[in-house]
Amino acid sequence: MTSEIPMPRKQEKKNSKPLWIILAFIVLITIVLLPNPEALPVAGQRGLAILAFAVILWVTEAVSYPVSAAMIIGLIAILLGLAPSIDDPSIMLGTKNALKMALGGFSNPAVALVAAALFLATAMQATNLHKRLALWILSRVGTKTGSIVFGAILVSIVLAFFVPSATARAGAVVPILLGMVAAFGLPTNSRLGALLVITAVQSVSIWNVGIKTGAAQNMVALGFIEKEFGVTISWSAWFMYAAPWSIIMSVILYFIMMKIIKPETKVVEGGTELVVGQLKELGPLKSSELRLIIVSVLLLFFWATEEKLHPFDTTTVTIIAIAFLLTPKIGVFDWKTVEKLIPWGTILVFAVGISLGTILLDTQGAQWLSDKVFGSMGLDEMPILATIALLALFNILIHLGFASATSLSSALIPIFIALTTTIALDVNEIGFVLIQQFVISFGFLLPVSAPQNMLAYGTGAFTVKDFLKSGVPLTIAGYLLILLFSATYWKWIGLL
């Protein structure tokens, strides 16, 4: 029934794709041909033209994200290569040097961490350990609807520690919850189905904020922060900053969901039996799963104790763990499995996004844009809390047009970093940028706001209206909580 709704929209999008591509090139060429502002280098102007081109493609999805990444690399090489050098405007930068800039993101440690995280998520999928963990938790929570809602939130929280992919976490728990709905004899698009599935994916989004390794967009922000400020934020530091916010939001999520979507039944008879049955179908714990559990627990230990008990950074220990998991006889999967399951395009998009953001910072394009967009607002005369409130609201509104928080981070974080240099901030600049990154992970409003939302929406368990009913109060609560934390907790612990 609900599958009939998205079909016309998909058809319309398909037909309009060439028009969006043409528009992207028109905007690109127009910005390149505009008179060069005195305070903006030519390379910076062309970097902004490429950013505008990229944003149109990302928002409209006129081409896939990996294809857009390839197009961006080509444009950087040509347009910046034919622009005057920043260091010596009397000579051209050259396509060889511009191509180095376009590929510079691939050498960023954050890209290696994202790649390693995708390998770890693949190991979970290959062994079905994430499914076993989700089934085990849900088999313990009971048959009352409220208990299952709590269980769905708890599963999302636990998986966030071990599965560094929001889509993989949603993919593990959503089918199980729908199986429980079916066990009660209700259709997928029942009130119970909508309640459980929306709860699960909203919880996934909440914990994208709470855990450093929970989402790729966090790595984008950290890559820029490390390059521009020379500071590395450890896993435990991120957890101390963001986890309290996610814990409170998880509690709020529970009460919002129980209030706005009334299920057909208060008890899911047969639900526990179904989950236990699926758990039995997985059979006893395999040796490969046991090895993956040991590696995952050790990895979590090394992440949490980074810069406290040892000198190894998050990226290094994760890559070592992946090397172990790929080793024949003692690992849990082989390269053939990896080739099939890894979304290689994600790594490409991630690296190119970092390259584009770095170029905007290095060519002063981000600083110029930040000054023009935010400088006119008089932010330097506002209290810091008002500045955070205004930028967070801007962040939430612009996210409505982005299906990828990773792309949004690539576009906005360089501008927010530049903003710290254009206005006088009497606070920790890194914390100021990090708080905006937390808001970038808000994917609560629409199914298109995050990949995990789209995965869940594809099941037909809920409508856009259902999602909005939960998304609006969650977004308001998250926004107000950001402001409350900015005024209190984050000041107390030195983040601001």
# chains A, B, ... in the order shown; residues from 1 in each chain; ligands from 1

$ residues_around --residues "Val276 (chain A)" --least-positions-apart "3" --cutoff "9 Å" --atoms "only C-alpha atoms" --output "VMD selection string"
chain A and resid 135 to 136 138 to 139 271 to 273 279 to 281

$ write_last_selection --atoms "N, CA and C atoms" --output "mmCIF file, in the first residue's frame"
data_model
loop_
_atom_site.group_PDB
_atom_site.id
_atom_site.type_symbol
_atom_site.label_atom_id
_atom_site.label_comp_id
_atom_site.auth_asym_id
_atom_site.auth_seq_id
_atom_site.Cartn_x
_atom_site.Cartn_y
_atom_site.Cartn_z
ATOM 1 N N LEU A 135 19.236 -10.024 18.509
ATOM 2 C CA LEU A 135 18.252 -11.039 18.889
ATOM 3 C C LEU A 135 18.361 -11.375 20.378
ATOM 4 N N TRP A 136 19.586 -11.467 20.863
ATOM 5 C CA TRP A 136 19.785 -11.826 22.268
ATOM 6 C C TRP A 136 19.185 -10.758 23.187
ATOM 7 N N LEU A 138 16.794 -8.517 22.433
ATOM 8 C CA LEU A 138 15.337 -8.482 22.290
ATOM 9 C C LEU A 138 14.661 -9.691 22.937
ATOM 10 N N SER A 139 15.386 -10.810 23.031
ATOM 11 C CA SER A 139 14.802 -11.997 23.673
ATOM 12 C C SER A 139 14.704 -11.830 25.188
ATOM 13 N N GLY A 271 6.050 -12.870 20.192
ATOM 14 C CA GLY A 271 7.216 -12.123 19.727
ATOM 15 C C GLY A 271 8.514 -12.685 20.271
ATOM 16 N N THR A 272 8.525 -12.972 21.575
ATOM 17 C CA THR A 272 9.739 -13.512 22.190
ATOM 18 C C THR A 272 10.076 -14.880 21.624
ATOM 19 N N GLU A 273 9.021 -15.713 21.427
ATOM 20 C CA GLU A 273 9.247 -17.046 20.866
ATOM 21 C C GLU A 273 9.867 -16.964 19.479
ATOM 22 N N LEU A 279 17.115 -16.937 17.010
ATOM 23 C CA LEU A 279 18.405 -17.070 17.682
ATOM 24 C C LEU A 279 18.896 -18.510 17.598
ATOM 25 N N LYS A 280 17.954 -19.471 17.761
ATOM 26 C CA LYS A 280 18.319 -20.889 17.658
ATOM 27 C C LYS A 280 18.733 -21.252 16.241
ATOM 28 N N GLU A 281 18.092 -20.600 15.258
ATOM 29 C CA GLU A 281 18.436 -20.865 13.858
ATOM 30 C C GLU A 281 19.880 -20.484 13.544
#

$ select_by_dssp --residues "region 263-427 of chain A" --states "alpha helix (DSSP H)" --output "PyMOL selection string"
chain A and resi 271-281+287-304+314-326+335-341+344-362+365-374+384-399+405-422

$ write_last_selection --atoms "C-alpha atoms" --output "short mmCIF file (atom, residue, chain, number, x, y, z; two decimals), in the first residue's frame"
data_model
loop_
_atom_site.label_atom_id
_atom_site.label_comp_id
_atom_site.auth_asym_id
_atom_site.auth_seq_id
_atom_site.Cartn_x
_atom_site.Cartn_y
_atom_site.Cartn_z
CA GLY A 271 7.22 -12.12 19.73
CA THR A 272 9.74 -13.51 22.19
CA GLU A 273 9.25 -17.05 20.87
CA LEU A 274 9.94 -15.82 17.34
CA VAL A 275 13.12 -14.03 18.43
CA VAL A 276 14.31 -17.05 20.41
CA GLY A 277 13.54 -19.23 17.40
CA GLN A 278 15.63 -17.01 15.12
CA LEU A 279 18.40 -17.07 17.68
CA LYS A 280 18.32 -20.89 17.66
CA GLU A 281 18.44 -20.86 13.86
CA SER A 287 34.53 -19.79 16.58
CA SER A 288 34.68 -16.93 14.05
CA GLU A 289 32.05 -15.03 16.05
CA LEU A 290 33.98 -15.64 19.27
CA ARG A 291 37.16 -14.27 17.69
CA LEU A 292 35.24 -11.24 16.43
CA ILE A 293 33.80 -10.65 19.92
CA ILE A 294 37.30 -10.75 21.42
CA VAL A 295 38.67 -8.38 18.78
CA SER A 296 35.67 -6.02 19.15
CA VAL A 297 35.96 -5.87 22.94
CA LEU A 298 39.71 -5.27 22.73
CA LEU A 299 39.11 -2.60 20.10
CA LEU A 300 36.56 -0.88 22.30
CA PHE A 301 39.05 -1.03 25.18
CA PHE A 302 41.82 0.56 23.09
CA TRP A 303 39.43 3.21 21.75
CA ALA A 304 38.20 4.11 25.23
CA THR A 314 41.91 5.18 17.10
CA THR A 315 42.81 4.75 13.42
CA THR A 316 45.96 2.72 14.08
CA VAL A 317 44.34 0.21 16.44
CA THR A 318 41.34 -0.19 14.12
CA ILE A 319 43.55 -0.94 11.11
CA ILE A 320 45.55 -3.48 13.16
CA ALA A 321 42.27 -5.14 14.20
CA ILE A 322 41.13 -5.35 10.56
CA ALA A 323 44.49 -6.86 9.53
CA PHE A 324 43.99 -9.53 12.20
CA LEU A 325 40.41 -10.24 11.08
CA LEU A 326 41.60 -10.70 7.47
CA TRP A 335 39.15 -10.58 0.78
CA LYS A 336 36.53 -12.03 -1.59
CA THR A 337 33.87 -11.44 1.06
CA VAL A 338 35.17 -7.92 1.64
CA GLU A 339 35.07 -7.07 -2.06
CA LYS A 340 31.38 -7.93 -2.25
CA LEU A 341 30.19 -6.25 0.94
CA TRP A 344 33.82 1.27 -1.88
CA GLY A 345 32.09 4.37 -3.22
CA THR A 346 31.63 5.60 0.37
CA ILE A 347 35.40 5.77 0.85
CA LEU A 348 35.78 7.70 -2.41
CA VAL A 349 33.08 10.22 -1.47
CA PHE A 350 34.51 10.64 2.01
CA ALA A 351 38.06 11.32 0.78
CA VAL A 352 36.96 13.75 -1.92
CA GLY A 353 34.72 15.57 0.57
CA ILE A 354 37.73 16.13 2.82
CA SER A 355 39.80 17.26 -0.19
CA LEU A 356 37.15 19.81 -1.20
CA GLY A 357 36.81 21.16 2.33
CA THR A 358 40.58 21.43 2.72
CA ILE A 359 40.84 23.28 -0.60
CA LEU A 360 38.18 25.76 0.55
CA LEU A 361 40.20 26.43 3.69
CA ASP A 362 43.59 26.60 1.95
CA GLY A 365 37.19 30.39 -0.02
CA ALA A 366 35.66 29.12 3.22
CA GLN A 367 36.78 32.23 5.13
CA TRP A 368 35.33 34.57 2.47
CA LEU A 369 32.01 32.69 2.34
CA SER A 370 31.81 32.54 6.14
CA ASP A 371 32.38 36.28 6.37
CA LYS A 372 29.74 37.06 3.73
CA VAL A 373 27.11 34.64 5.05
CA PHE A 374 27.59 34.97 8.80
CA ILE A 384 28.11 32.73 22.30
CA LEU A 385 24.88 30.90 23.17
CA ALA A 386 22.93 33.01 20.65
CA THR A 387 25.59 32.28 18.01
CA ILE A 388 25.36 28.53 18.65
CA ALA A 389 21.55 28.73 18.57
CA LEU A 390 21.50 30.57 15.24
CA LEU A 391 24.05 28.29 13.56
CA ALA A 392 22.38 25.13 14.89
CA LEU A 393 19.04 26.29 13.48
CA PHE A 394 20.69 27.04 10.13
CA ASN A 395 22.30 23.58 10.31
CA ILE A 396 18.96 21.84 10.93
CA LEU A 397 17.19 23.69 8.12
CA ILE A 398 19.89 23.09 5.51
CA HIS A 399 19.95 19.38 6.44
CA ALA A 405 25.34 13.87 6.62
CA THR A 406 28.85 13.08 5.34
CA SER A 407 28.34 15.44 2.41
CA LEU A 408 26.82 18.03 4.73
CA SER A 409 29.88 17.85 6.99
CA SER A 410 32.15 18.24 3.96
CA ALA A 411 30.26 21.39 2.94
CA LEU A 412 29.70 23.05 6.33
CA ILE A 413 32.52 22.14 8.72
CA PRO A 414 35.17 24.10 6.75
CA ILE A 415 32.85 27.12 6.83
CA PHE A 416 32.31 26.77 10.59
CA ILE A 417 36.08 26.43 11.11
CA ALA A 418 36.60 29.58 9.02
CA LEU A 419 33.94 31.31 11.09
CA THR A 420 36.07 30.88 14.21
CA THR A 421 38.69 33.11 12.54
CA THR A 422 36.26 35.77 11.29
#

$ residues_around --residues "region 199-215 of chain A" --least-positions-apart "3" --cutoff "8 Å" --atoms "only C-alpha atoms" --output "ChimeraX atom specification"
/A:117,149,152-153,156-157,160-161,163-166,169-170,173-174,195-196,218-219,235,238-239,242-246,249-250,253-254,257,438,441-444,452-453,456

$ residues_around --residues "Trp20 (chain A)" --least-positions-apart "5" --cutoff "10 Å" --atoms "only C-alpha atoms" --output "list in words"
Lys13, Asn15, Phe25, Ile26, Phe53, Ile56, Leu57, Val59, Thr60, Glu61, Ala62 and Val63 of chain A

$ closest_residue --among "A:Leu118, A:Ile430, A:Leu75, A:Leu34" --to "Thr167 (chain A)" --atoms "only C-alpha atoms"
A:Leu118

$ atom_distance --atom1 "CA of Ala172 (chain A)" --atom2 "CA of Pro187 (chain A)"
19.8 Å

$ closest_residue --among "A:Val439, A:Leu455, A:Ile86, A:Val197" --to "Ser470 (chain A)" --atoms "only C-alpha atoms"
A:Val197

$ residues_around --residues "Thr95 (chain A)" --least-positions-apart "4" --cutoff "8 Å" --atoms "only C-alpha atoms" --output "VMD selection string"
chain A and resid 77 to 78 80 to 82 99
